[in-house]
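See structure below.
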Amino acid sequence: MGVVRSMTGFGHAGAQSAEHRLAVEVRTVNHRFLDVAVRLPREYGALEDRIRRAVTQHIERGRVDVTVRIDRLTSPVRGVHVDTHLAHAYYEALKELRRVLRLPGSIDVDMLLDLPDVLRVEQAEEDLDALWAALAPLLDAALRQVVAMREAEGAALAQDLAQRAARVEAQVEAVAGRAPEVVQAYRRRLEGRLAEWGDLAVDPQRVAAEVALMAERSDISEECVRLRSHCRQFRELLAQGGPVGRRLDFLLQEMHREINTIGAKAADLDIAGRVVEVKAELEKMREQVQNVE
């Protein structure tokens with residue numbers, strides 16, 4: 001038997017190494033499709049694609065917000081770069097300037113170091129592969145927490161939906177059982193009205209034809225058959241598990257259509273009351289299904 005998941009979940013994990021303090025938080029809510037939003041420090045933006053791929057291995061549908069915090073605990077490694085070619089160009093330009101303007105003085109190292117870009121302090125690039133090796137297990141742990149929460153809530157949703165589907169089926173059976181009585185009740189009412197007219201001659205075939213026409217107009221047998229089929233498919237999908245939310249929602253739309261047709265056809269107070277009960281159940285089921293993966 002498969003597992004039905006909701007689309008609501010939360011998970012988090014953290015760890016600390018000699019160089020970093022890492023924290024991952026994952027939140028999910030319902031959404032028509034898989035929508036992943038990743039928040040992490042800008043300098044680590046290259047990790048976003050890896051995070052998205054990791055999410056898709058655990059979650060198939062829903063809005064997923066992933067927040068990653070990365071704090072460096074050590075000073076970054078830096079290097080000093082001297083642009084000798086630029087320094088030489090500056091030197092030649094200064095010599096030419098001194099010659100043209102006939103300026104006194106000498107050109108020394110201090111003067112050249114003050115010029116732009118001759119001396120640069122550069123920060124070494126972070127090893128993203130090593131950082132990902134530390135971050136990936138935390139993301140996996142947070143996602144597993146999310147999945148566990150979604151499965152626990154999904155089990156409760158599936159149980160509630162199955163119970164409501166059973167109540168819908170029971171009402172459909174009652175409606176189907178009542179349908180023949182509606183025709184007979186119509187015949188009795190028609191014959192009673194005719195009896196009130198006394199000795200007025202009435203063609204029995206005309207009465208039979210009128211009853212047959214009414215029976216044809218109010219026939220809901222096909223709708224009941226389709227409703228039973230939809231209920232059966234609904235239960236099978238719940239038992240199958242997995243990402244079945246969209247198919248469950250489609251079935252509920254079809255069930256709404258059938259029960260509306262039954263309500264329009266059957267001119268009977270008892271059936272009308274049961275139609276209202278079914279519609280109420282279907283509406284509650286649809287609200288629940290909106291959170292099924």
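By convention here, the chains of the structure tokens are called A, B, ... in the order presented, each chain's residues are numbered starting at 1, and ligands are numbered starting at 1 in the order presented.
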
- Query: Using only C-alpha atoms, which residues sit within 10 Å of Ile51 of chain A once same-chain residues fewer than 5 positions away are excluded, as a PyMOL selection string?
  - Reply: chain A and resi 36-38+46+56+66+68+132+135-136+139-140

Could those residues be written to a file, using all heavy atoms, as a compact mmCIF listing (two decimals), in the first residue's frame?
```txt
# COMPACT_ATOMS: atom_id res chain seq x y z
N VAL A 36 10.40 25.67 -6.21
CA VAL A 36 11.50 25.68 -5.24
C VAL A 36 12.11 27.08 -5.19
O VAL A 36 12.52 27.62 -6.22
CB VAL A 36 12.58 24.65 -5.61
CG1 VAL A 36 13.68 24.65 -4.54
CG2 VAL A 36 11.97 23.26 -5.74
N ALA A 37 12.17 27.65 -4.00
CA ALA A 37 12.84 28.94 -3.79
C ALA A 37 14.01 28.72 -2.84
O ALA A 37 13.84 28.15 -1.76
CB ALA A 37 11.86 29.96 -3.21
N VAL A 38 15.20 29.16 -3.24
CA VAL A 38 16.42 28.95 -2.46
C VAL A 38 16.96 30.29 -2.00
O VAL A 38 17.13 31.22 -2.81
CB VAL A 38 17.50 28.21 -3.29
CG1 VAL A 38 18.75 28.01 -2.47
CG2 VAL A 38 16.95 26.87 -3.79
N ALA A 46 26.50 29.73 -6.54
CA ALA A 46 26.78 28.60 -7.43
C ALA A 46 26.24 27.28 -6.89
O ALA A 46 26.11 26.30 -7.63
CB ALA A 46 28.29 28.49 -7.68
N THR A 56 14.43 17.94 -5.61
CA THR A 56 13.61 17.13 -6.52
C THR A 56 13.75 15.63 -6.26
O THR A 56 12.88 14.86 -6.69
CB THR A 56 13.98 17.43 -7.98
OG1 THR A 56 15.37 17.14 -8.20
CG2 THR A 56 13.72 18.88 -8.32
N VAL A 66 13.81 26.88 0.76
CA VAL A 66 15.05 26.40 1.36
C VAL A 66 15.89 27.60 1.77
O VAL A 66 16.22 28.44 0.93
CB VAL A 66 15.85 25.52 0.38
CG1 VAL A 66 17.11 24.98 1.05
CG2 VAL A 66 14.99 24.36 -0.13
N VAL A 68 19.49 28.65 3.54
CA VAL A 68 20.81 28.14 3.92
C VAL A 68 21.61 29.29 4.52
O VAL A 68 21.75 30.35 3.91
CB VAL A 68 21.56 27.58 2.69
CG1 VAL A 68 22.95 27.09 3.11
CG2 VAL A 68 20.76 26.44 2.06
N TRP A 132 30.10 21.93 -0.29
CA TRP A 132 28.92 21.13 -0.61
C TRP A 132 28.97 19.78 0.09
O TRP A 132 27.93 19.25 0.51
CB TRP A 132 28.79 20.96 -2.12
CG TRP A 132 27.65 20.08 -2.51
CD1 TRP A 132 27.71 18.84 -3.08
CD2 TRP A 132 26.25 20.36 -2.35
NE1 TRP A 132 26.46 18.33 -3.30
CE2 TRP A 132 25.54 19.24 -2.86
CE3 TRP A 132 25.55 21.44 -1.85
CZ2 TRP A 132 24.16 19.19 -2.86
CZ3 TRP A 132 24.17 21.37 -1.83
CH2 TRP A 132 23.48 20.28 -2.33
N LEU A 135 27.59 20.51 3.34
CA LEU A 135 26.22 21.02 3.34
C LEU A 135 25.21 19.96 2.90
O LEU A 135 24.09 19.90 3.42
CB LEU A 135 26.14 22.23 2.42
CG LEU A 135 24.81 22.98 2.35
CD1 LEU A 135 24.45 23.56 3.72
CD2 LEU A 135 24.88 24.08 1.30
N ALA A 136 25.58 19.11 1.94
CA ALA A 136 24.64 18.14 1.36
C ALA A 136 23.99 17.23 2.41
O ALA A 136 22.77 17.00 2.37
CB ALA A 136 25.33 17.32 0.28
N LEU A 139 21.28 19.19 4.23
CA LEU A 139 20.09 19.38 3.39
C LEU A 139 19.30 18.08 3.29
O LEU A 139 18.06 18.09 3.38
CB LEU A 139 20.53 19.85 2.00
CG LEU A 139 19.42 20.06 0.97
CD1 LEU A 139 18.41 21.10 1.45
CD2 LEU A 139 20.01 20.48 -0.37
N ASP A 140 19.99 16.97 3.14
CA ASP A 140 19.31 15.67 3.06
C ASP A 140 18.55 15.37 4.35
O ASP A 140 17.41 14.90 4.32
CB ASP A 140 20.33 14.57 2.78
CG ASP A 140 19.67 13.21 2.60
OD1 ASP A 140 19.06 12.99 1.53
OD2 ASP A 140 19.77 12.39 3.52
```

- Task: Identify, on the basis of only C-alpha atoms, every residue whose closest approach to Gln57 of chain A does not exceed 10 Å; exclude the query and any residue fewer than 4 positions from it along the same chain; express the result as JSON, numbers by chain.
- Result: {"A": [52, 53, 140, 143]}

- Message: When you look at Leu252 of chain A with a cut-off of 10 Å (counting only C-alpha atoms), what residues show up, excluding the ones that are within fewer than 4 positions of it in the same chain? I need them as a PyMOL selection string.
- Response: chain A and resi 227+230-231+234+246-248+256-258+282-283+285-286+289

Kindly export the residues of the current selection with C-alpha atoms, as a PDB file, in the first residue's frame.
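Written output follows (out_28.pdb):
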```
ATOM      1  CA  LEU A 227     -20.491   8.167  -9.136  1.00  0.00           C
ATOM      2  CA  HIS A 230     -15.485   7.619  -9.264  1.00  0.00           C
ATOM      3  CA  CYS A 231     -15.706   6.662  -5.583  1.00  0.00           C
ATOM      4  CA  PHE A 234     -10.840   7.584  -5.441  1.00  0.00           C
ATOM      5  CA  ARG A 246      -4.127  16.159  -8.954  1.00  0.00           C
ATOM      6  CA  ARG A 247      -5.962  12.979  -9.967  1.00  0.00           C
ATOM      7  CA  LEU A 248      -7.980  13.034  -6.740  1.00  0.00           C
ATOM      8  CA  HIS A 256     -19.492  17.252  -8.332  1.00  0.00           C
ATOM      9  CA  ARG A 257     -20.752  17.210 -11.921  1.00  0.00           C
ATOM     10  CA  GLU A 258     -22.624  13.928 -11.453  1.00  0.00           C
ATOM     11  CA  LEU A 282     -17.332  16.648  -1.617  1.00  0.00           C
ATOM     12  CA  GLU A 283     -16.551  20.254  -0.738  1.00  0.00           C
ATOM     13  CA  MET A 285     -12.901  16.500   0.493  1.00  0.00           C
ATOM     14  CA  ARG A 286     -11.782  19.029  -2.100  1.00  0.00           C
ATOM     15  CA  VAL A 289      -7.190  17.265  -1.442  1.00  0.00           C
TER      16      VAL A 289
END
```

- Contact residues around segment 16-20 of chain A with only C-alpha atoms at 10 Å, ignoring same-chain residues under 2 positions, as a PyMOL selection string: chain A and resi 14+22-23+69-76+131+134

- Item | Distance in Å - atom CA of Glu92 of chain A versus atom CA of Asp108 of chain A |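 Computing it gives 12.3 Å between the two atoms.
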